[in-house]
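Pasted below: data25.cif, mmCIF, C-alpha atoms and all ligand atoms.
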data_final
loop_
_atom_site.label_atom_id
_atom_site.label_comp_id
_atom_site.auth_asym_id
_atom_site.auth_seq_id
_atom_site.Cartn_x
_atom_site.Cartn_y
_atom_site.Cartn_z
CA MET A 1 7.06 -32.39 42.96
CA ILE A 2 4.09 -34.38 44.28
CA LYS A 3 3.52 -37.83 42.83
CA VAL A 4 0.38 -39.92 43.41
CA ARG A 5 0.58 -43.70 43.01
CA GLN A 6 -0.70 -47.01 44.37
CA ILE A 7 0.80 -48.11 47.69
CA LYS A 8 3.33 -50.98 47.79
CA ALA A 9 4.19 -53.38 50.64
CA GLU A 10 7.60 -51.69 50.88
CA ASP A 11 5.82 -48.45 51.88
CA ALA A 12 4.62 -50.00 55.17
CA GLU A 13 7.02 -48.08 57.42
CA LYS A 14 6.40 -44.73 55.72
CA TYR A 15 2.66 -45.38 55.74
CA ILE A 16 2.63 -46.07 59.51
CA LYS A 17 4.64 -42.86 60.02
CA LEU A 18 2.14 -40.94 57.88
CA TYR A 19 -1.06 -42.03 59.61
CA SER A 20 0.51 -41.76 63.08
CA LYS A 21 1.29 -38.11 62.31
CA LEU A 22 -2.17 -37.56 60.82
CA ASP A 23 -3.79 -39.07 63.94
CA GLU A 24 -1.88 -36.46 65.98
CA GLU A 25 -2.75 -33.58 63.64
CA THR A 26 -6.45 -33.93 62.98
CA ASN A 27 -9.61 -34.76 64.92
CA PHE A 28 -11.56 -35.44 61.75
CA ARG A 29 -10.62 -39.11 61.65
CA LEU A 30 -11.60 -42.27 63.48
CA TYR A 31 -8.48 -42.99 65.53
CA GLU A 32 -7.21 -41.03 68.50
CA PRO A 33 -3.44 -40.37 68.63
CA GLY A 34 -1.55 -43.58 69.46
CA GLU A 35 -4.70 -45.73 69.35
CA ARG A 36 -3.72 -47.84 66.35
CA LYS A 37 -1.66 -50.91 67.18
CA ILE A 38 -0.14 -52.60 64.17
CA SER A 39 3.39 -53.89 63.66
CA LEU A 40 5.48 -53.20 60.59
CA THR A 41 5.23 -56.85 59.52
CA GLU A 42 1.45 -56.86 59.94
CA GLN A 43 1.10 -53.60 58.00
CA ALA A 44 3.24 -54.88 55.12
CA ALA A 45 1.20 -58.12 55.01
CA GLU A 46 -2.06 -56.17 55.06
CA ILE A 47 -0.95 -54.08 52.07
CA GLU A 48 0.23 -57.18 50.20
CA ASN A 49 -3.10 -58.98 50.83
CA MET A 50 -5.07 -55.93 49.75
CA ILE A 51 -3.16 -55.70 46.46
CA ASN A 52 -3.59 -59.43 45.76
CA GLU A 53 -7.29 -59.40 46.60
CA GLY A 54 -8.05 -56.47 44.24
CA ASN A 55 -11.20 -55.16 45.99
CA SER A 56 -9.51 -52.25 47.76
CA ALA A 57 -6.86 -49.64 47.02
CA ILE A 58 -4.68 -47.19 48.88
CA ILE A 59 -3.35 -44.30 46.82
CA VAL A 60 -0.49 -42.34 48.35
CA ALA A 61 0.89 -38.87 47.66
CA GLU A 62 4.66 -38.68 47.78
CA ASP A 63 6.80 -35.56 48.13
CA ARG A 64 10.41 -36.52 47.42
CA ASP A 65 10.92 -39.53 49.69
CA GLU A 66 8.10 -38.87 52.17
CA LEU A 67 4.42 -39.89 52.08
CA VAL A 68 2.34 -36.75 52.70
CA GLY A 69 -1.21 -38.00 52.20
CA TYR A 70 -3.34 -40.94 51.19
CA LEU A 71 -6.75 -41.99 50.00
CA SER A 72 -8.03 -45.42 50.99
CA ALA A 73 -10.88 -47.16 49.17
CA PHE A 74 -12.04 -50.30 50.92
CA GLY A 75 -14.25 -52.82 49.15
CA ARG A 76 -15.71 -56.18 50.09
CA SER A 77 -15.68 -59.48 48.21
CA GLN A 78 -19.38 -60.52 48.27
CA ASN A 79 -20.99 -60.33 44.83
CA ARG A 80 -23.90 -58.15 45.99
CA VAL A 81 -21.65 -55.39 47.40
CA LYS A 82 -18.53 -55.83 45.29
CA HIS A 83 -19.36 -52.66 43.35
CA ILE A 84 -18.94 -50.42 46.44
CA VAL A 85 -15.84 -48.82 47.94
CA THR A 86 -15.73 -46.79 51.15
CA ILE A 87 -13.32 -43.89 51.03
CA GLY A 88 -11.10 -42.20 53.59
CA ILE A 89 -8.62 -39.41 52.85
CA ALA A 90 -6.12 -37.29 54.74
CA ILE A 91 -3.24 -34.99 53.85
CA LEU A 92 -0.55 -33.70 56.22
CA GLN A 93 -1.18 -30.13 57.43
CA SER A 94 2.07 -29.06 55.72
CA HIS A 95 0.59 -30.09 52.37
CA VAL A 96 -3.12 -29.16 52.46
CA GLY A 97 -4.57 -26.71 49.94
CA MET A 98 -2.08 -27.72 47.22
CA GLY A 99 -4.48 -29.80 45.12
CA ILE A 100 -3.31 -33.16 46.50
CA GLY A 101 -6.81 -34.22 47.60
CA THR A 102 -8.08 -33.57 44.08
CA MET A 103 -5.18 -35.53 42.54
CA LEU A 104 -5.88 -38.51 44.83
CA PHE A 105 -9.57 -38.58 43.86
CA LYS A 106 -8.74 -38.44 40.13
CA LYS A 107 -6.37 -41.39 40.52
CA LEU A 108 -8.99 -43.26 42.57
CA GLU A 109 -11.62 -42.88 39.85
CA VAL A 110 -9.30 -44.38 37.24
CA TRP A 111 -8.66 -47.38 39.53
CA ALA A 112 -12.39 -47.66 40.39
CA LYS A 113 -13.46 -47.78 36.74
CA GLU A 114 -10.76 -50.34 35.91
CA HIS A 115 -12.03 -52.50 38.80
CA ASN A 116 -15.76 -52.24 37.94
CA LYS A 117 -16.62 -50.18 41.00
CA HIS A 118 -19.90 -48.32 40.66
CA ARG A 119 -20.59 -46.70 44.03
CA LEU A 120 -18.07 -44.56 45.94
CA GLU A 121 -19.20 -43.78 49.48
CA LEU A 122 -17.84 -41.95 52.50
CA THR A 123 -18.78 -40.15 55.69
CA VAL A 124 -17.66 -36.67 56.69
CA MET A 125 -18.02 -35.04 60.07
CA GLU A 126 -20.52 -32.20 60.06
CA ASN A 127 -17.88 -29.80 61.43
CA ASN A 128 -15.36 -30.41 58.60
CA PRO A 129 -16.15 -27.85 55.85
CA SER A 130 -12.84 -28.33 53.97
CA ALA A 131 -13.46 -32.03 53.40
CA TYR A 132 -17.15 -31.45 52.62
CA ALA A 133 -16.16 -28.86 49.99
CA LEU A 134 -13.64 -31.25 48.43
CA TYR A 135 -16.24 -34.04 48.18
CA GLN A 136 -18.84 -31.72 46.64
CA LYS A 137 -16.24 -30.53 44.14
CA MET A 138 -15.52 -34.17 43.23
CA GLY A 139 -19.24 -34.80 42.59
CA PHE A 140 -20.37 -36.49 45.81
CA GLU A 141 -23.95 -35.96 46.98
CA VAL A 142 -25.40 -36.02 50.49
CA GLU A 143 -27.49 -39.09 51.36
CA GLY A 144 -28.25 -38.46 55.01
CA VAL A 145 -27.04 -37.69 58.51
CA LYS A 146 -25.93 -40.18 61.13
CA LYS A 147 -26.68 -38.39 64.39
CA ASP A 148 -24.15 -38.49 67.27
CA SER A 149 -22.03 -40.81 65.19
CA LEU A 150 -18.77 -40.05 67.04
CA LEU A 151 -17.68 -38.94 70.49
CA ILE A 152 -14.75 -36.53 70.18
CA ASN A 153 -13.22 -34.83 73.22
CA GLY A 154 -16.46 -35.42 75.13
CA GLU A 155 -18.76 -33.97 72.40
CA TYR A 156 -21.00 -35.97 70.07
CA VAL A 157 -20.52 -35.19 66.37
CA ASN A 158 -22.86 -35.97 63.44
CA ASP A 159 -21.56 -37.75 60.34
CA ILE A 160 -22.85 -36.88 56.87
CA TYR A 161 -23.20 -39.78 54.43
CA MET A 162 -22.16 -38.95 50.85
CA SER A 163 -21.87 -41.01 47.68
CA LYS A 164 -21.00 -40.78 44.01
CA LEU A 165 -22.09 -43.23 41.32
CA ILE A 166 -19.62 -43.70 38.48
C1 LIG B 201 -9.91 -32.34 53.52
C2 LIG B 201 -8.57 -32.54 52.83
C3 LIG B 201 -8.42 -34.02 52.47
C4 LIG B 201 -8.53 -31.69 51.57
O1 LIG B 201 -7.35 -32.01 50.83
P1 LIG B 201 -6.53 -30.90 50.03
O2 LIG B 201 -5.36 -31.55 49.38
O3 LIG B 201 -6.24 -29.76 50.93
O4 LIG B 201 -7.61 -30.49 48.93
P2 LIG B 201 -7.32 -29.70 47.58
O5 LIG B 201 -6.16 -28.78 47.75
O6 LIG B 201 -7.28 -30.68 46.46
O7 LIG B 201 -8.64 -28.83 47.48
C5 LIG B 201 -9.78 -29.34 46.87
C6 LIG B 201 -11.01 -28.61 47.32
O8 LIG B 201 -11.24 -28.85 48.71
C7 LIG B 201 -11.84 -27.71 49.27
N1 LIG B 201 -10.97 -27.19 50.33
C8 LIG B 201 -9.71 -27.58 50.62
N2 LIG B 201 -9.25 -26.90 51.68
C9 LIG B 201 -10.25 -26.07 52.05
C10 LIG B 201 -10.39 -25.12 53.11
N3 LIG B 201 -9.41 -24.88 53.99
N4 LIG B 201 -11.57 -24.46 53.21
C11 LIG B 201 -12.57 -24.71 52.34
N5 LIG B 201 -12.48 -25.59 51.33
C12 LIG B 201 -11.34 -26.26 51.20
C13 LIG B 201 -12.05 -26.70 48.14
O9 LIG B 201 -13.31 -26.95 47.57
C14 LIG B 201 -10.97 -27.11 47.18
O10 LIG B 201 -11.25 -26.79 45.87
P3 LIG B 201 -10.63 -25.45 45.19
O11 LIG B 201 -9.14 -25.56 45.37
O12 LIG B 201 -11.06 -25.55 43.78
O13 LIG B 201 -11.22 -24.32 45.97
C15 LIG B 201 -7.40 -32.09 53.76
O14 LIG B 201 -7.65 -30.77 54.20
C16 LIG B 201 -7.19 -32.97 54.98
O15 LIG B 201 -6.56 -34.01 54.90
N6 LIG B 201 -7.71 -32.57 56.14
C17 LIG B 201 -7.51 -33.28 57.40
C18 LIG B 201 -8.09 -34.69 57.43
C19 LIG B 201 -9.52 -34.74 57.00
O16 LIG B 201 -10.31 -33.86 57.33
N7 LIG B 201 -9.87 -35.78 56.24
C20 LIG B 201 -11.22 -35.99 55.77
C21 LIG B 201 -11.96 -36.81 56.74
S1 LIG B 201 -13.62 -37.09 56.16
#
In structure tokens, how does this file's structure come out?
Amino acid sequence: MIKVRQIKAEDAEKYIKLYSKLDEETNFRLYEPGERKISLTEQAAEIENMINEGNSAIIVAEDRDELVGYLSAFGRSQNRVKHIVTIGIAILQSHVGMGIGTMLFKKLEVWAKEHNKHRLELTVMENNPSAYALYQKMGFEVEGVKKDSLLINGEYVNDIYMSKLI
């Protein structure tokens, strides 16, 4: 059974394993395979700081003892932008199409309301219809296009800006 919950510092090793695998599996994310350089200690400290600070959240999906997906929502501390979080999401190939993305977003919205967040924002690559469909289903609207936002395997890709006000 899949469980979605807030990340804990003790998840650091499993979380590194998860995003390393995701970086290998999908081109729809920022990092190339092996590009991230963070130690276990640094990752655990980063999670701990994030939890203590309260402006950001990482929600993980767990299948038995393994992390199979996550949704990150990063916020800033300045008063004028404190109401915003920027979202990223990814699920392992073995677990896509099972409703996990939807579960992660539902959990995020509960956290966001509890933490007085008003604007959820994200970008999605123009060539990623699955993610675009998920965001539309969750109530996100298109705000604009950032042309040639990324360079992936020698090709420029546009990013679509989307947001949802809650
Ligand atoms: C995009 C992604 C997060 C979707 O997560 P998921 O757990 O598969 O999504 P769900 O099973 O909850 O599906 C929710 C909705 O997404 C859309 N969707 C999911 N997979 C889809 C597919 N292969 N084709 C079209 N729409 C799809 C549908 O609208 C679906 O709603 P429905 O089940 O009512 O039809 C997942 O495919 C993924 O991690 N992909 C690789 C990384 C990535 O692209 N991240 C996003 C970067 S912006």
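Nearest residue to ligand LIG 201 (chain B) among A:Arg29, A:Lys82, A:Lys106, A:Lys117 is A:Arg29, counting all atoms listed in the file.
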Write out as lines of an AutoDock Vina configuration file an axis-aligned box for range 142-153 of chain A: all of its atoms listed in the file, 4 Å added on each side, centre and edge lengths in Å with one decimal.
center_x = -20.7
center_y = -37.8
center_z = 61.9
size_x = 23.0
size_y = 14.0
size_z = 30.7
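Note that atom N1 of ligand LIG 201 (chain B) and CA of Glu126 in chain A are 14.5 Å apart.
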Quiz item: Near Lys3 in chain A, counting all atoms listed in the file, which residues have an atom at most 12 Å away, once you skip same-chain residues fewer than 5 positions from it, shown as a ChimeraX atom specification?
Solution: /A:59-70,99-101,103-104,107
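The smallest atom-to-atom distance between Ser163 in chain A and any of A:Asn27, A:Thr86, A:Asn128, A:Gln43, using only C-alpha atoms, is found for A:Thr86.
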Practice problem: Using all atoms listed in the file, determine which residues fall within 8 Å of ligand LIG 201 (chain B), then list them as a ChimeraX atom specification. | Solution: /A:22,25-29,69,88-93,95-103,122-125,128-137
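Distance annotation: of A:Val145, A:Ile38, A:Met1, A:Leu165, the residue with the minimal separation from His83 in chain A is A:Leu165; atom set is all atoms listed in the file.
For the atom pair formed by CA of Gly34 in chain A and CA of Ile58 in chain A, the distance is 21.1 Å, given to one decimal.
Proximity ranking of A:Lys21, A:Glu53, A:Arg76, A:Tyr15 relative to Ser39 in chain A places A:Tyr15 first, based on all atoms listed in the file.
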